[in-house]
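Engineer: Sharing entry25.txt below, compact mmCIF, C-alpha atoms and all ligand atoms:
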```
# COMPACT_ATOMS: atom_id res chain seq x y z
CA MET A 500 54.97 26.04 -59.42
CA SER A 501 55.53 23.82 -56.44
CA CYS A 502 58.52 23.16 -54.26
CA GLN A 503 59.61 21.00 -51.39
CA ASN A 504 59.64 22.26 -47.83
CA LYS A 505 62.97 20.76 -46.80
CA LYS A 506 62.20 20.82 -43.09
CA THR A 507 58.79 19.20 -43.24
CA GLY A 508 59.05 17.17 -46.42
CA THR A 509 55.63 18.51 -47.47
CA GLN A 510 54.85 19.76 -50.97
CA GLU A 511 53.92 23.39 -51.16
CA GLN A 512 53.44 26.22 -53.59
CA ALA A 513 55.56 29.27 -54.12
CA TYR A 514 54.49 32.18 -51.88
CA THR A 515 51.51 30.11 -50.78
CA GLY A 516 51.66 26.75 -49.08
CA GLY A 517 49.32 27.62 -46.20
CA GLU A 518 47.61 24.29 -46.25
CA ALA A 519 50.81 22.25 -46.30
CA THR A 520 52.39 24.00 -43.33
CA LYS A 521 49.12 24.05 -41.41
CA GLU A 522 49.02 20.27 -41.71
CA ASP A 523 52.61 20.07 -40.57
CA SER A 524 51.83 21.90 -37.35
CA THR A 525 48.58 20.16 -36.49
CA LYS A 526 49.95 16.73 -37.35
CA THR A 527 52.92 17.05 -35.08
CA ASN A 528 50.81 18.76 -32.42
CA ARG A 529 53.51 21.21 -31.53
CA ASN A 530 53.04 24.11 -29.13
CA PHE A 531 54.03 27.60 -30.12
CA LEU A 532 56.91 29.22 -28.26
CA ASN A 533 55.18 32.65 -28.10
CA LYS A 534 51.68 34.11 -28.31
CA PRO A 535 50.56 36.63 -30.95
CA LEU A 536 51.16 40.20 -29.74
CA ILE A 537 47.66 41.21 -30.82
CA SER A 538 44.72 39.19 -32.05
CA GLU A 539 42.17 41.87 -33.11
CA ILE A 540 43.80 42.30 -36.53
CA TYR A 541 46.24 40.25 -38.59
CA THR A 542 49.78 41.67 -38.66
CA ALA A 543 53.05 40.58 -40.28
CA ASP A 544 56.60 41.66 -41.15
CA PRO A 545 57.25 43.39 -37.80
CA SER A 546 59.91 46.12 -37.94
CA ALA A 547 60.53 47.09 -34.32
CA HIS A 548 62.30 50.18 -32.96
CA VAL A 549 62.76 51.84 -29.58
CA PHE A 550 61.88 55.53 -29.75
CA ASN A 551 61.83 57.59 -26.51
CA ASN A 552 62.06 54.44 -24.36
CA ARG A 553 58.93 52.88 -25.90
CA ILE A 554 58.84 49.94 -28.33
CA TYR A 555 57.09 50.65 -31.63
CA ILE A 556 56.29 47.95 -34.17
CA TYR A 557 55.75 48.85 -37.83
CA PRO A 558 54.03 45.78 -39.33
CA SER A 559 52.11 44.93 -42.48
CA HIS A 560 48.34 44.77 -41.89
CA ASP A 561 47.11 41.51 -43.42
CA ILE A 562 43.53 41.28 -44.67
CA GLU A 563 41.33 38.69 -46.35
CA SER A 564 41.03 39.93 -49.93
CA ASN A 565 39.66 36.70 -51.42
CA ILE A 566 42.27 37.02 -54.18
CA PRO A 567 43.42 33.51 -55.17
CA GLN A 568 46.93 32.56 -54.11
CA ASN A 569 49.65 32.67 -56.79
CA ASP A 570 53.42 32.87 -57.27
CA ASN A 571 53.23 36.65 -57.49
CA GLY A 572 51.83 36.97 -53.97
CA ASP A 573 48.70 38.74 -55.26
CA HIS A 574 46.79 37.44 -52.23
CA PHE A 575 48.91 39.70 -49.99
CA ALA A 576 46.63 42.64 -50.88
CA MET A 577 47.14 44.91 -47.90
CA ARG A 578 45.66 48.43 -47.97
CA ASP A 579 46.86 50.28 -44.86
CA TYR A 580 49.28 50.30 -41.96
CA HIS A 581 48.58 50.15 -38.21
CA ILE A 582 51.37 50.84 -35.75
CA LEU A 583 51.65 48.93 -32.47
CA SER A 584 53.44 50.01 -29.32
CA LEU A 585 54.27 48.64 -25.88
CA ASP A 586 56.29 49.98 -22.98
CA SER A 587 58.23 46.77 -22.34
CA ILE A 588 58.51 43.23 -23.67
CA GLY A 589 55.53 41.35 -22.25
CA GLY A 590 53.64 44.61 -21.63
CA LYS A 591 50.23 45.64 -22.97
CA VAL A 592 50.22 46.16 -26.74
CA THR A 593 48.39 49.20 -28.13
CA ASP A 594 47.10 49.29 -31.71
CA HIS A 595 47.18 52.96 -32.75
CA GLY A 596 44.76 52.53 -35.65
CA VAL A 597 45.31 53.50 -39.28
CA ALA A 598 48.59 55.42 -39.67
CA LEU A 599 48.63 55.48 -43.48
CA ASP A 600 45.95 54.40 -45.97
CA MET A 601 46.68 53.48 -49.57
CA LYS A 602 44.04 55.94 -50.77
CA ASP A 603 46.28 58.73 -49.43
CA VAL A 604 49.34 57.58 -51.37
CA PRO A 605 48.95 59.30 -54.75
CA TRP A 606 51.23 56.94 -56.70
CA ALA A 607 50.20 53.59 -55.17
CA GLY A 608 48.10 51.03 -57.05
CA ARG A 609 48.00 48.01 -54.73
CA GLN A 610 49.74 45.88 -52.11
CA LEU A 611 51.23 47.76 -49.17
CA TRP A 612 53.91 45.26 -48.12
CA ALA A 613 56.51 45.19 -45.34
CA PRO A 614 57.34 48.69 -43.99
CA ASP A 615 60.00 50.15 -41.71
CA ALA A 616 60.50 53.44 -39.86
CA ALA A 617 63.24 55.82 -38.73
CA PHE A 618 63.52 58.91 -36.54
CA THR A 619 65.78 61.90 -37.17
CA ASN A 620 65.54 65.68 -37.74
CA GLY A 621 62.68 65.70 -35.18
CA LYS A 622 60.51 63.66 -37.58
CA TYR A 623 59.39 60.07 -38.02
CA TYR A 624 59.77 58.50 -41.45
CA LEU A 625 57.70 55.52 -42.61
CA TYR A 626 59.20 53.62 -45.56
CA PHE A 627 56.91 51.25 -47.44
CA PRO A 628 56.76 49.24 -50.67
CA ALA A 629 53.69 49.33 -52.92
CA LYS A 630 52.97 48.50 -56.52
CA ASP A 631 52.60 51.68 -58.56
CA LYS A 632 49.82 52.17 -61.14
CA SER A 633 51.90 50.16 -63.66
CA ASP A 634 52.15 47.26 -61.19
CA VAL A 635 55.84 47.81 -60.49
CA PHE A 636 56.95 47.70 -56.84
CA ARG A 637 58.47 51.00 -55.66
CA ILE A 638 59.41 52.26 -52.20
CA GLY A 639 57.64 55.28 -50.77
CA VAL A 640 58.23 57.46 -47.73
CA ALA A 641 55.75 59.25 -45.49
CA THR A 642 56.45 61.60 -42.55
CA SER A 643 54.89 62.44 -39.21
CA SER A 644 55.67 64.31 -36.02
CA SER A 645 54.52 61.24 -34.04
CA PRO A 646 55.89 57.67 -34.12
CA THR A 647 52.32 56.42 -34.52
CA GLY A 648 51.30 58.79 -37.31
CA PRO A 649 49.17 59.78 -39.06
CA PHE A 650 51.84 59.79 -41.78
CA LYS A 651 51.70 61.98 -44.87
CA ALA A 652 53.05 60.32 -48.00
CA GLU A 653 55.37 62.08 -50.43
CA PRO A 654 53.62 62.55 -53.78
CA LYS A 655 56.02 60.17 -55.59
CA PRO A 656 58.01 57.07 -54.66
CA ILE A 657 61.69 57.54 -53.79
CA GLU A 658 63.51 58.25 -57.04
CA GLY A 659 65.43 55.19 -58.21
CA SER A 660 63.63 52.85 -55.80
CA PHE A 661 62.33 49.42 -56.76
CA SER A 662 61.30 46.05 -55.28
CA ILE A 663 60.17 45.51 -51.66
CA ASP A 664 60.94 45.24 -47.94
CA PRO A 665 62.84 48.43 -47.02
CA ALA A 666 64.75 48.21 -43.72
CA VAL A 667 66.38 51.42 -42.53
CA PHE A 668 69.46 51.18 -40.30
CA LYS A 669 71.10 54.05 -38.41
CA ASP A 670 74.84 53.54 -38.07
CA SER A 671 76.82 54.79 -35.07
CA ASP A 672 78.17 57.72 -37.15
CA GLY A 673 74.61 59.00 -37.79
CA ASN A 674 74.35 57.81 -41.41
CA PHE A 675 71.17 55.97 -42.42
CA TYR A 676 71.20 53.07 -44.89
CA MET A 677 68.27 51.36 -46.57
CA TYR A 678 68.46 47.62 -47.28
CA PHE A 679 65.77 46.32 -49.60
CA GLY A 680 64.70 43.83 -52.25
CA GLY A 681 62.89 40.55 -52.72
CA ILE A 682 62.88 37.90 -55.44
CA TRP A 683 59.78 36.23 -57.02
CA GLY A 684 56.82 38.42 -55.93
CA GLY A 685 59.29 41.15 -54.94
CA GLN A 686 60.31 41.51 -58.63
CA LEU A 687 64.09 41.80 -58.08
CA GLN A 688 64.73 39.32 -60.92
CA ARG A 689 63.08 41.74 -63.34
CA TRP A 690 65.69 44.45 -62.63
CA GLN A 691 68.81 42.59 -63.70
CA ASN A 692 69.72 45.08 -66.43
CA GLY A 693 69.05 48.18 -64.36
CA LYS A 694 65.61 48.66 -65.96
CA TYR A 695 62.32 46.95 -65.20
CA ASP A 696 61.60 44.08 -67.57
CA ALA A 697 57.81 43.71 -67.53
CA ASN A 698 58.09 40.44 -69.46
CA GLY A 699 60.74 39.03 -67.13
CA SER A 700 60.05 35.78 -65.34
CA LYS A 701 58.24 35.63 -62.02
CA THR A 702 60.52 32.99 -60.60
CA ASP A 703 63.43 32.39 -63.01
CA LEU A 704 66.48 33.72 -61.18
CA GLY A 705 69.26 32.79 -63.57
CA LYS A 706 71.65 29.86 -63.80
CA ASP A 707 72.01 27.56 -60.81
CA ASN A 708 75.79 27.84 -60.63
CA GLU A 709 75.94 31.62 -60.94
CA PRO A 710 75.98 34.02 -57.98
CA ALA A 711 72.52 34.46 -56.48
CA LEU A 712 70.58 37.70 -56.88
CA THR A 713 71.35 39.98 -53.97
CA ALA A 714 69.54 42.37 -51.65
CA LYS A 715 70.37 46.05 -52.20
CA VAL A 716 71.81 48.75 -49.95
CA VAL A 717 71.94 52.52 -50.33
CA ARG A 718 72.82 55.43 -48.04
CA LEU A 719 69.95 57.87 -47.52
CA SER A 720 70.23 61.62 -48.02
CA LYS A 721 70.21 63.93 -44.99
CA ASP A 722 66.55 64.81 -45.66
CA MET A 723 65.74 61.04 -45.58
CA LEU A 724 63.61 61.38 -48.72
CA HIS A 725 66.19 60.39 -51.36
CA PHE A 726 68.92 57.89 -52.14
CA ALA A 727 72.27 59.66 -51.64
CA GLU A 728 74.23 57.42 -54.01
CA PRO A 729 73.81 54.61 -56.54
CA VAL A 730 72.28 51.41 -55.16
CA LYS A 731 74.81 48.64 -54.36
CA ASP A 732 74.57 44.84 -54.09
CA VAL A 733 74.58 43.17 -50.66
CA VAL A 734 76.96 40.32 -51.47
CA ILE A 735 76.85 37.25 -49.21
CA LEU A 736 79.90 35.00 -49.29
CA ASP A 737 80.37 31.47 -48.05
CA LYS A 738 83.19 30.67 -45.58
CA ALA A 739 85.56 30.12 -48.56
CA GLY A 740 84.92 33.70 -49.72
CA LYS A 741 82.76 32.70 -52.73
CA PRO A 742 79.37 34.37 -53.39
CA LEU A 743 76.35 32.18 -52.53
CA LEU A 744 74.91 30.61 -55.68
CA THR A 745 71.41 30.72 -57.16
CA LYS A 746 70.93 27.00 -56.46
CA ASP A 747 71.71 27.43 -52.75
CA HIS A 748 68.09 27.84 -51.64
CA ASP A 749 68.93 27.11 -48.00
CA ARG A 750 71.27 30.11 -47.73
CA ARG A 751 70.72 32.62 -50.52
CA PHE A 752 68.78 35.87 -50.05
CA PHE A 753 65.05 35.91 -50.87
CA GLU A 754 63.47 38.91 -48.99
CA ALA A 755 63.06 40.50 -45.51
CA SER A 756 66.35 42.39 -45.10
CA TRP A 757 67.33 43.65 -41.65
CA MET A 758 70.55 45.10 -40.24
CA HIS A 759 71.70 45.23 -36.63
CA LYS A 760 75.09 46.05 -35.18
CA TYR A 761 76.54 44.08 -32.28
CA LYS A 762 79.96 44.70 -30.75
CA GLY A 763 81.10 46.63 -33.84
CA LYS A 764 80.04 43.91 -36.35
CA TYR A 765 77.29 44.36 -38.95
CA TYR A 766 74.67 41.59 -38.99
CA PHE A 767 72.63 41.33 -42.18
CA SER A 768 69.62 39.03 -41.65
CA TYR A 769 67.07 37.92 -44.24
CA SER A 770 64.55 35.28 -45.25
CA THR A 771 65.54 32.43 -47.56
CA GLY A 772 61.93 32.38 -48.86
CA ASP A 773 61.15 28.99 -50.35
CA THR A 774 63.24 27.21 -47.67
CA HIS A 775 61.64 29.42 -44.98
CA TYR A 776 64.68 30.23 -42.81
CA ILE A 777 65.73 33.52 -41.28
CA ALA A 778 69.47 33.45 -41.92
CA TYR A 779 72.29 35.89 -41.21
CA ALA A 780 75.67 36.97 -42.48
CA THR A 781 78.20 39.29 -40.85
CA GLY A 782 80.54 41.99 -42.15
CA ASP A 783 82.80 44.84 -41.13
CA ASN A 784 80.90 47.75 -42.66
CA PRO A 785 77.31 48.55 -43.74
CA TYR A 786 77.96 47.64 -47.39
CA GLY A 787 79.53 44.22 -46.83
CA PRO A 788 80.52 41.86 -48.24
CA PHE A 789 78.93 39.69 -45.56
CA THR A 790 79.90 36.14 -44.67
CA TYR A 791 77.11 33.63 -44.16
CA GLN A 792 76.94 32.44 -40.53
CA GLY A 793 73.79 30.38 -40.05
CA VAL A 794 70.11 30.25 -39.20
CA ILE A 795 68.47 32.60 -36.68
CA LEU A 796 64.92 31.26 -36.96
CA ASN A 797 63.77 27.89 -38.25
CA PRO A 798 60.63 27.74 -40.46
CA VAL A 799 57.44 28.94 -38.76
CA LEU A 800 53.81 28.00 -39.44
CA GLY A 801 53.04 29.69 -42.78
CA TRP A 802 55.02 30.20 -45.99
CA THR A 803 56.68 33.55 -45.26
CA ASN A 804 59.20 34.29 -42.53
CA HIS A 805 60.18 37.90 -41.74
CA GLN A 806 62.08 39.40 -38.79
CA SER A 807 63.54 42.41 -37.04
CA ILE A 808 66.21 42.34 -34.35
CA VAL A 809 66.30 45.03 -31.67
CA GLU A 810 68.04 45.74 -28.38
CA VAL A 811 65.70 46.65 -25.52
CA LYS A 812 67.15 47.39 -22.09
CA ASN A 813 70.39 45.46 -22.72
CA LYS A 814 68.66 42.35 -24.09
CA TRP A 815 68.18 41.47 -27.75
CA TYR A 816 64.83 40.43 -29.23
CA LEU A 817 63.65 38.83 -32.46
CA PHE A 818 60.31 40.09 -33.74
CA TYR A 819 58.80 37.66 -36.26
CA HIS A 820 55.45 36.38 -37.48
CA ASP A 821 53.65 33.10 -38.02
CA THR A 822 50.07 32.09 -38.83
CA GLU A 823 48.90 30.69 -35.48
CA LEU A 824 45.79 32.89 -35.31
CA SER A 825 44.49 31.92 -38.75
CA ASN A 826 45.51 28.28 -38.27
CA GLY A 827 47.98 28.30 -41.14
CA GLN A 828 46.45 30.66 -43.72
CA THR A 829 49.62 32.01 -45.18
CA HIS A 830 48.39 35.55 -45.96
CA LEU A 831 46.79 36.04 -42.50
CA ARG A 832 49.69 36.34 -40.10
CA ASN A 833 50.33 37.56 -36.55
CA VAL A 834 53.44 39.18 -35.08
CA LYS A 835 55.34 37.73 -32.12
CA VAL A 836 58.51 38.42 -30.15
CA THR A 837 61.10 36.22 -28.49
CA GLU A 838 64.52 36.74 -26.92
CA LEU A 839 67.58 36.39 -29.19
CA LYS A 840 70.98 35.44 -27.78
CA HIS A 841 74.44 36.17 -29.17
CA ASN A 842 77.10 33.67 -28.12
CA PRO A 843 80.44 34.94 -26.73
CA ASP A 844 81.99 34.46 -30.23
CA GLY A 845 79.28 36.68 -31.76
CA THR A 846 77.28 33.91 -33.43
CA ILE A 847 73.52 33.84 -32.83
CA GLN A 848 71.70 30.95 -31.16
CA THR A 849 69.18 29.38 -33.55
CA ILE A 850 65.53 29.75 -32.47
CA THR A 851 62.77 27.24 -33.15
CA ALA A 852 59.41 28.90 -32.61
CA TYR A 853 57.83 25.82 -31.05
CA GLN A 854 58.23 24.39 -27.57
CA GLU A 855 60.11 21.10 -27.57
O1 LIG B 1 53.88 40.83 -46.41
C1 LIG B 1 54.10 40.68 -47.79
C2 LIG B 1 55.43 40.05 -48.05
O2 LIG B 1 55.49 38.78 -47.43
C3 LIG B 1 56.60 40.79 -47.43
O3 LIG B 1 56.95 41.95 -48.11
C4 LIG B 1 57.60 39.72 -47.44
O4 LIG B 1 58.75 39.97 -46.68
C5 LIG B 1 56.80 38.54 -46.94
O5 LIG B 1 56.74 38.51 -45.54
```
Before anything else, please render the file you have as structure tokens.
Ligand code: FUB
Structural biologist:
Amino acid sequence: MSCQNKKTGTQEQAYTGGEATKEDSTKTNRNFLNKPLISEIYTADPSAHVFNNRIYIYPSHDIESNIPQNDNGDHFAMRDYHILSLDSIGGKVTDHGVALDMKDVPWAGRQLWAPDAAFTNGKYYLYFPAKDKSDVFRIGVATSSSPTGPFKAEPKPIEGSFSIDPAVFKDSDGNFYMYFGGIWGGQLQRWQNGKYDANGSKTDLGKDNEPALTAKVVRLSKDMLHFAEPVKDVVILDKAGKPLLTKDHDRRFFEASWMHKYKGKYYFSYSTGDTHYIAYATGDNPYGPFTYQGVILNPVLGWTNHQSIVEVKNKWYLFYHDTELSNGQTHLRNVKVTELKHNPDGTIQTITAYQE
């Protein structure tokens, strides 16, 4: 399957497209806005948190698997997690080595994708998606007494979990919520009847004029190891109050959920996948509905785009990735950080990750 990159006008493939976007960057000779945070290993999907006044980044650890690229994202064949930390933005970045290896996750079959972490009850919790032995994405949890691990995985995935990209948000009242899901390779379209449809399409998401598939949200139990309630839809509305439609590729949810709270408002951000934006929508409570507001990050070099948004010492930062280090190989990414600015009316200034 191929699709059009609306920004560049280049043809590219679903979940692949490395060559097309590489050409785009080299042709236009643009300079990157930020440097990779580390260059010894490939890292992606950075979920950043401040724990005890230090910044910790929980990324995917990209590797060259030599698996051919396809719509399923099989070439994203990651096998472990490394945690990064730094004492301030711009400071030295430490790679703390392997924090969790797939061989120590009893239920996992392949593909450790985008993780996140949380701290409470005196423990650190690492949440991660992986395909189980039946090749169905589930979300697991592992615990540690240290933010950098090593983490010990629970013997089974979280009951009732499915799909990818968990992002765990702590609300001001102490409740934790997990946002998750991803279409295409993330398998969300195969869960439309509440059960996994192994024969469901890889990319068919329903009728163009129907509401788009949504991310999911669920409150976590006090022990952080279970869902405390049934999973709900994260509905994104347009300014007229209508749900975004399947055909609205520029605005509808694809993957990479994140939640941050600013001046009492809830900001749900996400990737639009095949149109490569990081977009956001705002609401009045953790469940939404959320109203679409705009683009946070324009397409980067590489097919995927994935963010986290964190306040550090009274400034806000966007952690993201691109493929500068591998010169556009879409499954070999590197994490970066840049400042994010909220306008006085609460909207977010759009970032382009190249220097003008
Ligand atoms: O890293 C594998 C997948 O690529 C992530 O789960 C998605 O968000 C995309 O970045």
Engineer: Which protein, DNA or RNA residues have an atom at most 6 Å from (46.9, 36.0, -37.8), counting all atoms listed in the file? List them as a compact mmCIF listing (two decimals) with C-alpha atoms, in the frame of the given file.
Structural biologist:
```txt
# COMPACT_ATOMS: atom_id res chain seq x y z
CA TYR A 541 46.24 40.25 -38.59
CA THR A 822 50.07 32.09 -38.83
CA LEU A 824 45.79 32.89 -35.31
CA SER A 825 44.49 31.92 -38.75
CA LEU A 831 46.79 36.04 -42.50
CA ARG A 832 49.69 36.34 -40.10
CA ASN A 833 50.33 37.56 -36.55
```
Engineer: Excluding Ala543 in chain A and its own-chain neighbours fewer than 4 positions away, which residues fall within 10 Å of it when counting only C-alpha atoms? Please give them as a list in words.
Structural biologist: Tyr557, Pro558, Ser559, His560, Asp561, Trp612, Ala613, Pro614, Thr803, Asn804, His805, Gln806, Phe818, Tyr819, His820, Asp821, Thr822, His830, Leu831, Arg832, Asn833, Val834 and Lys835 of chain A
Engineer: To one decimal place in Å, what is the distance between CA of Lys746 in chain A and CA of Val717 in chain A?
Structural biologist: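 CA of Val717 in chain A lies at a distance of 26.3 Å from CA of Lys746 in chain A.
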Engineer: Find the distance between CA of Ser644 in chain A and CA of Ile663 in chain A and write it in Å to one decimal.
Structural biologist: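 For CA of Ser644 in chain A relative to CA of Ile663 in chain A, the distance reads 24.9 Å.
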Engineer: Could you pull the residues within 6 Å of range 848-853 of chain A, counting all atoms listed in the file, minus those fewer than 2 positions along the same chain, as number ranges by chain?
Structural biologist: A: 530-532, 794-797, 840
Engineer: Emit the selected residues as a compact mmCIF listing (two decimals), in the coordinates of the input, including C-alpha atoms.
Structural biologist:
```txt
# COMPACT_ATOMS: atom_id res chain seq x y z
CA ASN A 530 53.04 24.11 -29.13
CA PHE A 531 54.03 27.60 -30.12
CA LEU A 532 56.91 29.22 -28.26
CA VAL A 794 70.11 30.25 -39.20
CA ILE A 795 68.47 32.60 -36.68
CA LEU A 796 64.92 31.26 -36.96
CA ASN A 797 63.77 27.89 -38.25
CA LYS A 840 70.98 35.44 -27.78
```
Engineer: Select all residues near (58.5, 55.8, -44.0) (cut-off 6 Å, inclusive, file coordinates), counting all atoms listed in the file, and output them as a ChimeraX atom specification.
Structural biologist: /A:616,624-627,640-641
Engineer: Could you tell me how far CA of Val597 in chain A lies from CA of Ile562 in chain A, in Å and to one decimal?
Structural biologist: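 One can read the CA of Val597 in chain A to CA of Ile562 in chain A distance as 13.5 Å.
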Engineer: With a distance cut-off of 9 Å and all atoms listed in the file, select the neighbouring residues of range 810-816 of chain A, excluding the residue or stretch itself and same-chain residues fewer than 4 positions from it, and output the selection as a short mmCIF file (atom, residue, chain, number, x, y, z; two decimals) with C-alpha atoms, keeping the file's coordinate frame.
Structural biologist:
```
data_model
loop_
_atom_site.label_atom_id
_atom_site.label_comp_id
_atom_site.auth_asym_id
_atom_site.auth_seq_id
_atom_site.Cartn_x
_atom_site.Cartn_y
_atom_site.Cartn_z
CA HIS A 548 62.30 50.18 -32.96
CA VAL A 549 62.76 51.84 -29.58
CA ASN A 552 62.06 54.44 -24.36
CA ILE A 554 58.84 49.94 -28.33
CA SER A 587 58.23 46.77 -22.34
CA ILE A 588 58.51 43.23 -23.67
CA VAL A 836 58.51 38.42 -30.15
CA THR A 837 61.10 36.22 -28.49
CA GLU A 838 64.52 36.74 -26.92
CA LEU A 839 67.58 36.39 -29.19
CA LYS A 840 70.98 35.44 -27.78
CA HIS A 841 74.44 36.17 -29.17
#
```
Engineer: Starting from 3 Å padding per side, set up an axis-aligned box that covers all listed atoms of ligand LIG 1 (chain B) and hand over centre and edge lengths in Å, one decimal, as JSON.
Structural biologist:
```
{"center_x": 56.3, "center_y": 40.2, "center_z": -46.8, "size_x": 10.9, "size_y": 9.4, "size_z": 8.6}
```
Engineer: Nearest residue to ligand LIG 1 (chain B) out of A:Trp757, A:Phe668, A:Phe618, A:Tyr623, using only C-alpha atoms and all ligand atoms?
Structural biologist: A:Trp757
Engineer: Using all atoms listed in the file, which protein or nucleic acid residues come within 8 Å of Pro798 in chain A? Drop anything in the same chain fewer than 5 positions from it, and give the result as a ChimeraX atom specification.
Structural biologist: /A:506,774-777,804,851
Engineer: Calculated over only C-alpha atoms and all ligand atoms, which of the candidates A:Pro665, A:Pro656, A:Pro646, A:Pro605 has the smallest distance to ligand LIG 1 (chain B)?
Structural biologist: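 Between A:Pro665, A:Pro656, A:Pro646, A:Pro605, the residue approaching ligand LIG 1 (chain B) most closely is A:Pro665.
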Engineer: Quick one: of A:Phe789, A:Trp802, A:Tyr765, A:Tyr676, who's nearest to ligand LIG 1 (chain B), counting all atoms listed in the file?
Structural biologist: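 Closest to ligand LIG 1 (chain B) of all the choices is A:Trp802.
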Engineer: Just want the 7 Å neighbourhood of Val592 in chain A, counted on all atoms listed in the file, with same-chain residues fewer than 5 positions away dropped. Output as number ranges by chain.
Structural biologist: A: 536-537, 583-585
